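Colleague: Mind having a look at this structure? Questions to follow.
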Amino acid sequence: MKKTIRIVLIAAASLLALALCAVGLNRLVYGRSLRATLYEFRLRSRFATDRTAESEVRRLEARRQEAEPRAALPKNMAFSVPVEEAGRDGLQRFTLNGGGSGPLVLYLHGGAYVNGFNAHQWRFMDRLARQTGCTVVAPAYHLAPWADYARAYDDLTALYRTLLAEYPGRRLILMGDSAGGGLALGFAEALAANGDPLPERLVLFSPWVDVSMDNPDIADYLPVEPMLHFDLVKVHGRYWAGDADTHFWQVSPLFGDMAGLPPVTMTCGTRELLYPDILLARDRLAEAGVDVTLRVGHGLNHDWPLMEIPEADAIFEEVAGKF
């Protein structure tokens, strides 16, 4: 009996030692949590595809012949705050925690301008509303191939002015991830150009600030990016631009006038294609005199603050602390 117990204890100690070695080796190699590494493996499997630029064009053209689908709440998610759906002038919008007393957050979701909300975004918005008491308004802006940037700007301008009237005196924070982060930056530039009241702050997670993807430094990150496929997102960017050049500032806000914008908090990962352009955006914001903070997740992936990893908790607390 004693021998059996001794063997079990030795085995348990060996397993613990191996686990600690795995954690330590992972930190040494990747500079991130083991959970973040496992998450990347999951992402690489989930987003694996054999689609090409040509097949993606055919796919989007086929979708254009269908009716644009309406956004819907995820059926398998239990929200911790009330969620209401409404629509006005053809634009769906979801309001989380409408009775909250905290700031008003206008959240623009990512999805390469061709995909709607995903589970990570819903979970993040729900957590943000629950823990800060804020009200989150998330519009289901029209996507490519059924619409382009121009429709989005028209819809968002109308929605923004409506929100200012519906929530007078409320602090307003403009937030977005990925494509939605790029749209949020471009929309803030448009508000400044139009003389509209500006939000108090911008929070942008891995913003897509240049849909042309022409930056040659992007090539350095192709081997480590598990989610975004270079040829496919270039196609998505062209569709979102419509008849405009992909370098037009409302399509790629990296090229817009950033002077006068409110404070900006941005994040990015060192294992994502958008990293080089986000660095450029940080520099151009600073050159324009904007108070900009960039949190780089070393060894982390695109949109990492929305993922279920320890590193995301830290940035969540930083963002929530500004509320």
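Quick note on naming: the chains in the structure tokens go A, B, ... in the order shown, residues restart at 1 in each chain, and ligands are numbered from 1 in order of appearance.
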Just want the 10 Å neighbourhood of range 116-130 of chain A, counted on only C-alpha atoms, with same-chain residues fewer than 6 positions away dropped. Output as a VMD selection string.
Modeller: chain A and resid 69 to 74 76 to 83 95 to 98 100 102 to 105 107 to 110 136 to 143 176 to 177 303 to 308 316 to 317 319 to 320
Colleague: Could you check which of A:Glu225, A:Asp245, A:Asp313, A:Glu318 is closest to Leu274 in chain A, using only C-alpha atoms?
Modeller: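 Smallest separation from Leu274 in chain A among the options: A:Glu225.
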Colleague: Determine, counting only C-alpha atoms, which protein, DNA and RNA residues have an atom within 7 Å of an atom of Ala112 in chain A; residues of the same chain fewer than 3 positions away are not included. Present the result as a ChimeraX atom specification.
Modeller: /A:115,179,233,236
Colleague: Using C-alpha atoms, can you write the selected residues to a file as a compact mmCIF listing (two decimals), in the first residue's frame?
Modeller:
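Saved the output as part_4.txt:
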# COMPACT_ATOMS: atom_id res chain seq x y z
CA ASN A 115 -18.80 39.24 -41.22
CA ALA A 179 -12.33 46.35 -38.97
CA VAL A 233 -8.48 40.46 -46.43
CA HIS A 236 -12.45 42.33 -48.38
Colleague: Could you go through range 59-218 of chain A and tell me which residues DSSP, when run on the backbone, assigns to alpha helix (DSSP H), listing them as a tab-separated table (two decimals) with N, CA, C and O atoms, in the first residue's frame?
Modeller:
chain	number	residue	atom	x	y	z
A	59	ARG	N	-17.10	33.98	-54.22
A	59	ARG	CA	-17.98	33.76	-53.07
A	59	ARG	C	-18.77	35.02	-52.71
A	59	ARG	O	-19.98	34.96	-52.47
A	60	LEU	N	-18.08	36.17	-52.72
A	60	LEU	CA	-18.75	37.41	-52.38
A	60	LEU	C	-19.75	37.82	-53.45
A	60	LEU	O	-20.82	38.36	-53.15
A	61	GLU	N	-19.41	37.59	-54.70
A	61	GLU	CA	-20.35	37.91	-55.77
A	61	GLU	C	-21.61	37.05	-55.68
A	61	GLU	O	-22.72	37.51	-55.95
A	62	ALA	N	-21.43	35.79	-55.29
A	62	ALA	CA	-22.60	34.92	-55.11
A	62	ALA	C	-23.44	35.41	-53.93
A	62	ALA	O	-24.68	35.40	-53.99
A	63	ARG	N	-22.80	35.86	-52.87
A	63	ARG	CA	-23.53	36.38	-51.71
A	63	ARG	C	-24.31	37.64	-52.08
A	63	ARG	O	-25.40	37.88	-51.54
A	64	ARG	N	-23.74	38.45	-52.96
A	64	ARG	CA	-24.40	39.70	-53.35
A	64	ARG	C	-25.79	39.43	-53.96
A	64	ARG	O	-26.68	40.29	-53.88
A	119	ALA	N	-18.85	35.67	-31.12
A	119	ALA	CA	-19.06	35.39	-29.69
A	119	ALA	C	-18.11	36.19	-28.81
A	119	ALA	O	-18.49	36.63	-27.71
A	120	HIS	N	-16.87	36.38	-29.25
A	120	HIS	CA	-15.91	37.13	-28.45
A	120	HIS	C	-16.40	38.56	-28.21
A	120	HIS	O	-16.27	39.10	-27.10
A	121	GLN	N	-16.93	39.17	-29.25
A	121	GLN	CA	-17.42	40.54	-29.12
A	121	GLN	C	-18.62	40.63	-28.18
A	121	GLN	O	-18.70	41.53	-27.33
A	122	TRP	N	-19.56	39.69	-28.32
A	122	TRP	CA	-20.72	39.70	-27.44
A	122	TRP	C	-20.29	39.53	-25.99
A	122	TRP	O	-20.79	40.23	-25.08
A	123	ARG	N	-19.38	38.60	-25.72
A	123	ARG	CA	-18.93	38.37	-24.35
A	123	ARG	C	-18.23	39.60	-23.78
A	123	ARG	O	-18.43	39.95	-22.62
A	124	PHE	N	-17.41	40.23	-24.60
A	124	PHE	CA	-16.70	41.41	-24.14
A	124	PHE	C	-17.67	42.53	-23.81
A	124	PHE	O	-17.56	43.18	-22.75
A	125	MET	N	-18.63	42.78	-24.69
A	125	MET	CA	-19.58	43.87	-24.44
A	125	MET	C	-20.42	43.59	-23.21
A	125	MET	O	-20.71	44.50	-22.41
A	126	ASP	N	-20.82	42.34	-23.03
A	126	ASP	CA	-21.61	41.98	-21.86
A	126	ASP	C	-20.80	42.19	-20.58
A	126	ASP	O	-21.30	42.76	-19.60
A	127	ARG	N	-19.55	41.76	-20.60
A	127	ARG	CA	-18.70	41.94	-19.42
A	127	ARG	C	-18.46	43.42	-19.14
A	127	ARG	O	-18.50	43.86	-17.98
A	128	LEU	N	-18.23	44.20	-20.18
A	128	LEU	CA	-17.97	45.62	-20.01
A	128	LEU	C	-19.18	46.31	-19.38
A	128	LEU	O	-19.04	47.11	-18.45
A	129	ALA	N	-20.38	46.00	-19.88
A	129	ALA	CA	-21.58	46.61	-19.34
A	129	ALA	C	-21.82	46.19	-17.89
A	129	ALA	O	-22.21	47.01	-17.04
A	130	ARG	N	-21.57	44.92	-17.60
A	130	ARG	CA	-21.82	44.40	-16.26
A	130	ARG	C	-20.84	45.00	-15.24
A	130	ARG	O	-21.25	45.41	-14.15
A	131	GLN	N	-19.57	45.06	-15.58
A	131	GLN	CA	-18.57	45.44	-14.59
A	131	GLN	C	-18.39	46.95	-14.46
A	131	GLN	O	-17.89	47.41	-13.44
A	132	THR	N	-18.78	47.71	-15.47
A	132	THR	CA	-18.60	49.17	-15.39
A	132	THR	C	-19.91	49.92	-15.24
A	132	THR	O	-19.89	51.11	-14.93
A	149	TYR	N	-18.18	51.45	-47.47
A	149	TYR	CA	-17.88	52.40	-46.41
A	149	TYR	C	-18.85	53.59	-46.39
A	149	TYR	O	-19.20	54.12	-45.32
A	150	ALA	N	-19.27	54.06	-47.58
A	150	ALA	CA	-20.10	55.26	-47.65
A	150	ALA	C	-21.42	55.05	-46.92
A	150	ALA	O	-21.89	55.95	-46.20
A	151	ARG	N	-22.05	53.88	-47.10
A	151	ARG	CA	-23.30	53.59	-46.40
A	151	ARG	C	-23.05	53.56	-44.89
A	151	ARG	O	-23.86	54.07	-44.11
A	152	ALA	N	-21.94	52.99	-44.49
A	152	ALA	CA	-21.64	52.90	-43.06
A	152	ALA	C	-21.48	54.28	-42.44
A	152	ALA	O	-21.99	54.55	-41.34
A	153	TYR	N	-20.77	55.17	-43.11
A	153	TYR	CA	-20.58	56.52	-42.57
A	153	TYR	C	-21.90	57.27	-42.47
A	153	TYR	O	-22.16	57.96	-41.48
A	154	ASP	N	-22.75	57.14	-43.47
A	154	ASP	CA	-24.07	57.80	-43.42
A	154	ASP	C	-24.88	57.26	-42.24
A	154	ASP	O	-25.48	58.03	-41.48
A	155	ASP	N	-24.91	55.94	-42.10
A	155	ASP	CA	-25.70	55.32	-41.03
A	155	ASP	C	-25.15	55.69	-39.65
A	155	ASP	O	-25.91	55.99	-38.72
A	156	LEU	N	-23.83	55.66	-39.51
A	156	LEU	CA	-23.23	55.95	-38.22
A	156	LEU	C	-23.39	57.41	-37.83
A	156	LEU	O	-23.58	57.73	-36.65
A	157	THR	N	-23.33	58.30	-38.81
A	157	THR	CA	-23.53	59.72	-38.51
A	157	THR	C	-24.93	59.96	-37.97
A	157	THR	O	-25.12	60.66	-36.96
A	158	ALA	N	-25.92	59.35	-38.61
A	158	ALA	CA	-27.30	59.50	-38.15
A	158	ALA	C	-27.47	58.88	-36.76
A	158	ALA	O	-28.11	59.46	-35.87
A	159	LEU	N	-26.90	57.69	-36.55
A	159	LEU	CA	-27.01	57.03	-35.25
A	159	LEU	C	-26.32	57.84	-34.17
A	159	LEU	O	-26.86	58.00	-33.06
A	160	TYR	N	-25.15	58.35	-34.45
A	160	TYR	CA	-24.39	59.12	-33.46
A	160	TYR	C	-25.17	60.34	-33.00
A	160	TYR	O	-25.26	60.61	-31.79
A	161	ARG	N	-25.75	61.05	-33.94
A	161	ARG	CA	-26.52	62.24	-33.57
A	161	ARG	C	-27.77	61.86	-32.80
A	161	ARG	O	-28.20	62.58	-31.88
A	162	THR	N	-28.36	60.72	-33.14
A	162	THR	CA	-29.51	60.22	-32.38
A	162	THR	C	-29.12	59.90	-30.95
A	162	THR	O	-29.84	60.23	-30.00
A	163	LEU	N	-27.97	59.25	-30.77
A	163	LEU	CA	-27.52	58.89	-29.43
A	163	LEU	C	-27.24	60.13	-28.59
A	163	LEU	O	-27.52	60.15	-27.37
A	164	LEU	N	-26.67	61.16	-29.20
A	164	LEU	CA	-26.42	62.40	-28.46
A	164	LEU	C	-27.72	62.99	-27.94
A	164	LEU	O	-27.77	63.55	-26.83
A	165	ALA	N	-28.80	62.85	-28.74
A	165	ALA	CA	-30.10	63.37	-28.32
A	165	ALA	C	-30.76	62.46	-27.28
A	165	ALA	O	-31.42	62.93	-26.35
A	166	GLU	N	-30.58	61.14	-27.44
A	166	GLU	CA	-31.21	60.19	-26.52
A	166	GLU	C	-30.53	60.13	-25.16
A	166	GLU	O	-31.17	59.82	-24.15
A	179	ALA	N	-11.73	45.45	-37.99
A	179	ALA	CA	-12.33	46.35	-38.97
A	179	ALA	C	-13.15	47.42	-38.27
A	179	ALA	O	-13.14	48.60	-38.67
A	180	GLY	N	-13.86	47.03	-37.20
A	180	GLY	CA	-14.64	48.01	-36.44
A	180	GLY	C	-13.76	49.05	-35.78
A	180	GLY	O	-14.17	50.21	-35.61
A	181	GLY	N	-12.54	48.68	-35.40
A	181	GLY	CA	-11.61	49.64	-34.84
A	181	GLY	C	-11.15	50.65	-35.89
A	181	GLY	O	-11.02	51.84	-35.62
A	182	GLY	N	-10.89	50.14	-37.11
A	182	GLY	CA	-10.54	51.06	-38.18
A	182	GLY	C	-11.70	51.99	-38.52
A	182	GLY	O	-11.51	53.19	-38.74
A	183	LEU	N	-12.90	51.44	-38.56
A	183	LEU	CA	-14.09	52.25	-38.84
A	183	LEU	C	-14.28	53.31	-37.76
A	183	LEU	O	-14.64	54.46	-38.05
A	184	ALA	N	-14.03	52.93	-36.50
A	184	ALA	CA	-14.17	53.88	-35.41
A	184	ALA	C	-13.18	55.04	-35.56
A	184	ALA	O	-13.55	56.21	-35.35
A	185	LEU	N	-11.95	54.74	-35.93
A	185	LEU	CA	-10.96	55.81	-36.11
A	185	LEU	C	-11.35	56.71	-37.28
A	185	LEU	O	-11.31	57.94	-37.17
A	186	GLY	N	-11.74	56.11	-38.41
A	186	GLY	CA	-12.16	56.92	-39.54
A	186	GLY	C	-13.38	57.74	-39.23
A	186	GLY	O	-13.50	58.91	-39.65
A	187	PHE	N	-14.33	57.17	-38.49
A	187	PHE	CA	-15.54	57.89	-38.14
A	187	PHE	C	-15.23	59.07	-37.22
A	187	PHE	O	-15.81	60.16	-37.36
A	188	ALA	N	-14.28	58.89	-36.30
A	188	ALA	CA	-13.87	60.00	-35.44
A	188	ALA	C	-13.23	61.12	-36.28
A	188	ALA	O	-13.47	62.32	-36.02
A	189	GLU	N	-12.45	60.74	-37.28
A	189	GLU	CA	-11.87	61.75	-38.17
A	189	GLU	C	-12.97	62.50	-38.91
A	189	GLU	O	-12.89	63.72	-39.11
A	190	ALA	N	-14.01	61.78	-39.32
A	190	ALA	CA	-15.13	62.42	-40.02
A	190	ALA	C	-15.90	63.35	-39.09
A	190	ALA	O	-16.33	64.44	-39.51
A	191	LEU	N	-16.11	62.94	-37.85
A	191	LEU	CA	-16.79	63.81	-36.89
A	191	LEU	C	-16.03	65.11	-36.71
A	191	LEU	O	-16.62	66.19	-36.67
A	192	ALA	N	-14.71	65.00	-36.58
A	192	ALA	CA	-13.89	66.20	-36.41
A	192	ALA	C	-13.99	67.09	-37.64
A	192	ALA	O	-14.10	68.32	-37.53
A	193	ALA	N	-13.95	66.49	-38.83
A	193	ALA	CA	-14.03	67.26	-40.06
A	193	ALA	C	-15.38	67.95	-40.21
A	193	ALA	O	-15.47	69.07	-40.76
A	194	ASN	N	-16.45	67.30	-39.72
A	194	ASN	CA	-17.80	67.86	-39.84
A	194	ASN	C	-18.15	68.83	-38.72
A	194	ASN	O	-19.22	69.45	-38.75
Colleague: What does the distance from CA of Ile309 in chain A to CA of Leu232 in chain A come to in Å, to one decimal?
Modeller: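 Rounded to one decimal, the two atoms are 26.8 Å apart.
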